[in-house]
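Colleague: The structure under discussion is supplied below as structure tokens; questions concerning it will follow.
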Amino acid sequence: MSIATTTFNFDEVIERRGTDSGKWNKFDPDVIPMWTADMDFRSPPAVIQALHDRVEHGIFGYGYGGWTHQPAELLDVLRNRMATRYQWDVAAEDIVFVPNIVSAIYAACRAAAKPGEAALVQTPNYWPFFNGIEKAQLQTIMAPVTAIPEGKTLRYEVDFEALEAAITPQTKLFILGNPHNPIGRVYEKWELERFADICLRHDLIICSDEIHCDLVYEGHRHIPIASLSPEIAQRTLTLMAPSKTFNVPGLKLGFAVSQNHDLLAGLNNFYADAGVSVGVIGYTAALAAYRDGQSWLEGLLRYLQGNRDYAVQFISENLPGIVPVVPEATYLLFMDCRETDLEGDPCDFFLEKARVALSGAFDSQGYERHTRLNYGCPRTTLVEGLERMRAAMTS
């Protein structure tokens with residue numbers, strides 16, 4: 001079952017219990033955790049070596065603080081990456097480093113709207129979007145996507161008429177996920193242009209969570225919505241990070257990009273008020289990952305695509321009533337379990353009967369009996385998890 005991926009061994013099973021892993025320590029030792037979005041692979045060798053070198057230095061003082069003092073070399077690498085990958089011209093002063101993307105979403109909600117105003121979000125979606133809206137004391141406006149059956153799988157598409165009809169005079173912010181977690185969509189240019197047109201006509205700020213932008217499969221291409229035009233760039237806050245791509249979420253570094261410096265100032269003020277900044281180790285890992293991690297990433301994508309294809313086929317053929325999405329990006333697979341004979345919540349069922357932990361929390365968004373599986377793991381782990389699920393459903 002191994003997959004040739006240059007010199008990187010993604011088949012290696014690495015014990016993560018005893019390493020303070022939230023993913024692996026939440027449940028009993030006999031549970032396979034396929035829930036939260038981090039991977040069970042070592043980070044790129046370049047990242048590991050850079051961290052070794054930084055630790056050898058032996059001094060871990062305060063890092064950069066504030067918008068005006070940021071690491072020049074990392075800024076240059078990021079700007080070059082945006083220009084090369086997306087033909088997107090980003091200035092150094094358009095970037096602010098943040099500890100993580102979830103906190104940046106919370107900050108964006110406060111920067112873009114006042115208490116009592118509203119934020120628009122598609123459903124199903126990443127649960128921190130809703131938390132951020134609530135904590136900023138905004139109204140939540142939900143616009144469901146449309147499920148399109150494709151044989152034994154599903155594909156979700158945007159109902160743009162319904163999206164626009166949901167907007168109220170109080171709506172000030174649209175939170176976009178692209179690539180979209182959990183439905184796995186990589187929005188095409190024409191779709192992004194429709195989003196952009198709606199936001200321009202209704203004067204909405206866009207917070208675009210693009211943390212999965214480097215985990216895009218063959219046949220698809222990521223386009224930052226802010227790169228469409230200067231007008232859209234002026235109303236967009238783009239959020240990116242090395243965390244999902246290079247498996248370094250515990251090192252706590254992301255970045256926000258915007259030509260609208262009022263939005264960046266709002267983020268900076270949020271972190272200054274909280275007394276929170278990025279740690280020096282995060283800078284080290286990000287620089288090594290973006291500068292020297294490309295060959296590892298290419299191998300990872302081949303491996304993940306193989307895992308995706310295996311999981312989709314297995315679920316379609318062996319888990320009756322469960323209809324999977326075929327993700328265009330991410331390592332997260334959304335599943336509709338409504339046609340199964342399972343009693344109660346499918347996450348509870350598979351945890352109890354299969355000892356496999358999946359992600360749920362979609363009920364409040366109108367997606368009862370839907371769940372999400374993380375296949376960012378060695379193939380043997382994926383196979384065991386799926387086989388356990390099959391056995392639980394047929395016992």
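Identifiers for the structure tokens are assigned positionally: chains receive A, B, ... in sequence, residues are indexed from 1 per chain, and ligands are indexed from 1 in the order shown.
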Could you give me, as a list of chain:residue names, the residues within 7 Å of region 116-119 of chain A, counting only C-alpha atoms and dropping anything in the same chain fewer than 4 positions from it?

Modeller: A:Ile133, A:Gln137, A:Leu138, A:Gln139, A:Thr140, A:Ile141, A:Gln170, A:Thr171, A:Lys172, A:Leu173, A:Phe174

Colleague: Could you list, with a cut-off of 10 Å and counting only C-alpha atoms, the residues of region 174-241 of chain A near region 150-161 of chain A, each shown with its nearest atom pair and the distance in Å rounded to one decimal, rows sorted by chain and ascending number, as JSON lines?

Modeller:
```
{"residue": "A:Ile183", "atom": "CA", "partner": "A:Tyr156", "partner_atom": "CA", "distance": 6.8}
{"residue": "A:Gly184", "atom": "CA", "partner": "A:Tyr156", "partner_atom": "CA", "distance": 8.6}
{"residue": "A:Arg185", "atom": "CA", "partner": "A:Tyr156", "partner_atom": "CA", "distance": 7.4}
{"residue": "A:Tyr187", "atom": "CA", "partner": "A:Glu157", "partner_atom": "CA", "distance": 9.2}
{"residue": "A:Glu191", "atom": "CA", "partner": "A:Val158", "partner_atom": "CA", "distance": 8.1}
{"residue": "A:Arg194", "atom": "CA", "partner": "A:Phe160", "partner_atom": "CA", "distance": 7.5}
{"residue": "A:Phe195", "atom": "CA", "partner": "A:Phe160", "partner_atom": "CA", "distance": 7.9}
{"residue": "A:Ile198", "atom": "CA", "partner": "A:Phe160", "partner_atom": "CA", "distance": 8.7}
```

Colleague: Those same residues, written as a tab-separated table (two decimals), in the first residue's frame with C-alpha atoms?

Modeller:
```
chain	number	residue	atom	x	y	z
A	183	ILE	CA	-16.96	20.44	1.71
A	184	GLY	CA	-13.55	20.43	0.03
A	185	ARG	CA	-14.35	22.91	-2.72
A	187	TYR	CA	-13.74	27.82	-5.92
A	191	GLU	CA	-17.42	31.69	-8.61
A	194	ARG	CA	-19.71	36.18	-8.25
A	195	PHE	CA	-18.80	36.40	-4.56
A	198	ILE	CA	-22.17	40.51	-4.46
```

Colleague: Would you mind listing what lies within 9 Å of region 86-101 of chain A as a VMD selection string, with only C-alpha atoms counted and same-chain residues fewer than 2 positions away left out?

Modeller: chain A and resid 66 to 68 70 72 75 to 76 78 to 84 103 to 106 209 211 222 to 224 226 to 228 239 to 241 243 249 251 to 261 264 267 to 268 271 276 to 279 282

Colleague: Just to be explicit: take each residue in the selection above, keep C-alpha atoms, and write the result as a PDB file, in the first residue's frame.

Modeller:
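The resulting file, again_7.pdb, is reproduced below:
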```pdb
ATOM      1  CA  GLY A  66       3.610  44.851  16.356  1.00  0.00           C
ATOM      2  CA  TRP A  67       3.001  45.610  12.722  1.00  0.00           C
ATOM      3  CA  THR A  68       6.081  47.764  12.102  1.00  0.00           C
ATOM      4  CA  GLN A  70       8.456  41.982  11.326  1.00  0.00           C
ATOM      5  CA  ALA A  72      12.240  40.835   6.621  1.00  0.00           C
ATOM      6  CA  LEU A  75       8.221  38.734   4.378  1.00  0.00           C
ATOM      7  CA  ASP A  76      10.305  38.533   1.193  1.00  0.00           C
ATOM      8  CA  LEU A  78       5.925  35.270   1.303  1.00  0.00           C
ATOM      9  CA  ARG A  79       5.731  38.152  -1.157  1.00  0.00           C
ATOM     10  CA  ASN A  80       7.626  36.130  -3.752  1.00  0.00           C
ATOM     11  CA  ARG A  81       5.336  33.156  -3.129  1.00  0.00           C
ATOM     12  CA  MET A  82       2.225  35.273  -3.707  1.00  0.00           C
ATOM     13  CA  ALA A  83       3.654  36.700  -6.918  1.00  0.00           C
ATOM     14  CA  THR A  84       4.854  33.346  -8.271  1.00  0.00           C
ATOM     15  CA  SER A 103      -7.845  34.150  16.557  1.00  0.00           C
ATOM     16  CA  ALA A 104      -7.484  36.181  13.349  1.00  0.00           C
ATOM     17  CA  ILE A 105     -11.057  35.256  12.393  1.00  0.00           C
ATOM     18  CA  TYR A 106     -12.207  36.478  15.793  1.00  0.00           C
ATOM     19  CA  ASP A 209      -9.835  31.970   5.292  1.00  0.00           C
ATOM     20  CA  ILE A 211      -5.412  28.252   5.275  1.00  0.00           C
ATOM     21  CA  HIS A 222      -6.320  28.141  -5.844  1.00  0.00           C
ATOM     22  CA  ILE A 223      -7.039  31.808  -6.539  1.00  0.00           C
ATOM     23  CA  PRO A 224      -7.006  34.306  -3.655  1.00  0.00           C
ATOM     24  CA  ALA A 226      -8.206  39.504  -3.146  1.00  0.00           C
ATOM     25  CA  SER A 227      -6.127  38.983  -6.293  1.00  0.00           C
ATOM     26  CA  LEU A 228      -9.138  39.531  -8.579  1.00  0.00           C
ATOM     27  CA  LEU A 239      -5.783  34.623   6.127  1.00  0.00           C
ATOM     28  CA  MET A 240      -3.075  32.042   5.386  1.00  0.00           C
ATOM     29  CA  ALA A 241      -0.633  29.913   7.381  1.00  0.00           C
ATOM     30  CA  SER A 243       0.175  25.140   9.747  1.00  0.00           C
ATOM     31  CA  PRO A 249      -0.102  24.066  13.854  1.00  0.00           C
ATOM     32  CA  LEU A 251       4.063  26.365  16.448  1.00  0.00           C
ATOM     33  CA  LYS A 252       1.400  29.066  16.247  1.00  0.00           C
ATOM     34  CA  LEU A 253       2.063  31.275  13.248  1.00  0.00           C
ATOM     35  CA  GLY A 254      -0.181  32.553  10.481  1.00  0.00           C
ATOM     36  CA  PHE A 255      -0.456  35.762   8.538  1.00  0.00           C
ATOM     37  CA  ALA A 256      -3.073  38.190   7.330  1.00  0.00           C
ATOM     38  CA  VAL A 257      -2.844  40.037   4.023  1.00  0.00           C
ATOM     39  CA  SER A 258      -4.774  43.151   3.071  1.00  0.00           C
ATOM     40  CA  GLN A 259      -4.345  46.313   1.052  1.00  0.00           C
ATOM     41  CA  ASN A 260      -6.868  47.827   3.469  1.00  0.00           C
ATOM     42  CA  HIS A 261      -4.624  48.910   6.305  1.00  0.00           C
ATOM     43  CA  LEU A 264      -4.835  45.257   9.448  1.00  0.00           C
ATOM     44  CA  LEU A 267      -6.143  43.004  13.803  1.00  0.00           C
ATOM     45  CA  ASN A 268      -3.023  44.537  15.276  1.00  0.00           C
ATOM     46  CA  TYR A 271      -3.582  41.336  19.559  1.00  0.00           C
ATOM     47  CA  VAL A 276      -0.478  38.247  22.391  1.00  0.00           C
ATOM     48  CA  SER A 277       2.240  37.910  19.746  1.00  0.00           C
ATOM     49  CA  VAL A 278       3.885  35.276  17.567  1.00  0.00           C
ATOM     50  CA  GLY A 279       6.645  33.099  19.063  1.00  0.00           C
ATOM     51  CA  GLY A 282       6.999  29.944  14.513  1.00  0.00           C
TER      52      GLY A 282
END
```

Colleague: Go through A:Leu332, A:Ala111, A:Cys337, A:Leu386 one by one, measure the shortest atom-to-atom distance of each to Gln305 (chain A) using only C-alpha atoms, and give the residue with the smallest value.

Modeller: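 With only C-alpha atoms as the atom set, the closest residue is A:Leu332.
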
Colleague: Calculate how many Å separate CA of Pro327 (chain A) from CA of Arg372 (chain A), rounding to one decimal.

Modeller: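 According to the coordinates, CA of Pro327 (chain A) and CA of Arg372 (chain A) are separated by 11.3 Å.
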
Colleague: Can you pull out every residue within 7 Å of region 213-215 of chain A, counting only C-alpha atoms, but drop anything in the same chain fewer than 3 positions away, and send it as JSON, numbers by chain?

Modeller: {"A": [179, 210, 222, 245, 301, 329, 330]}

Colleague: Among region 173-256 of chain A, which ones does DSSP assign to strand (DSSP E or B) (computed from the backbone)? Answer as an MDAnalysis selection string.

Modeller: chainID A and resid 173:177 205:209 216 236:240 254:256

Colleague: Counting only C-alpha atoms, which of A:Ala165, A:Leu297, A:Cys377, A:Ile315 gets nearest to Met393 (chain A)?

Modeller: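 Ranking A:Ala165, A:Leu297, A:Cys377, A:Ile315 by distance to Met393 (chain A), first place goes to A:Ile315.
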
Colleague: Would you please work out which residue, of A:Asp309, A:Leu333, A:Gly250, A:Leu300, is nearest to Asp20 (chain A) when using only C-alpha atoms?

Modeller: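 For Asp20 (chain A), the nearest of the candidates is A:Gly250.
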
Colleague: For a quick check of understanding, using only C-alpha atoms, which of A:Leu163, A:Gly293, A:Val383, A:Phe314 has the smallest distance to Ala143 (chain A)?

Modeller: A:Leu163

Colleague: Find, counting only C-alpha atoms, the residue in A:Ala107, A:Ala357, A:Ile167, A:Leu51 that gets nearest to Leu373 (chain A).

Modeller: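 Comparing A:Ala107, A:Ala357, A:Ile167, A:Leu51 against Leu373 (chain A), the winner is A:Ala357.
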
Colleague: Rank A:Ala289, A:Ala162, A:Ile281, A:Val356 by their smallest atom-to-atom distance to Tyr64 (chain A), using only C-alpha atoms, and report the top residue only.

Modeller: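 Of all the options, A:Ile281 lies closest to Tyr64 (chain A).
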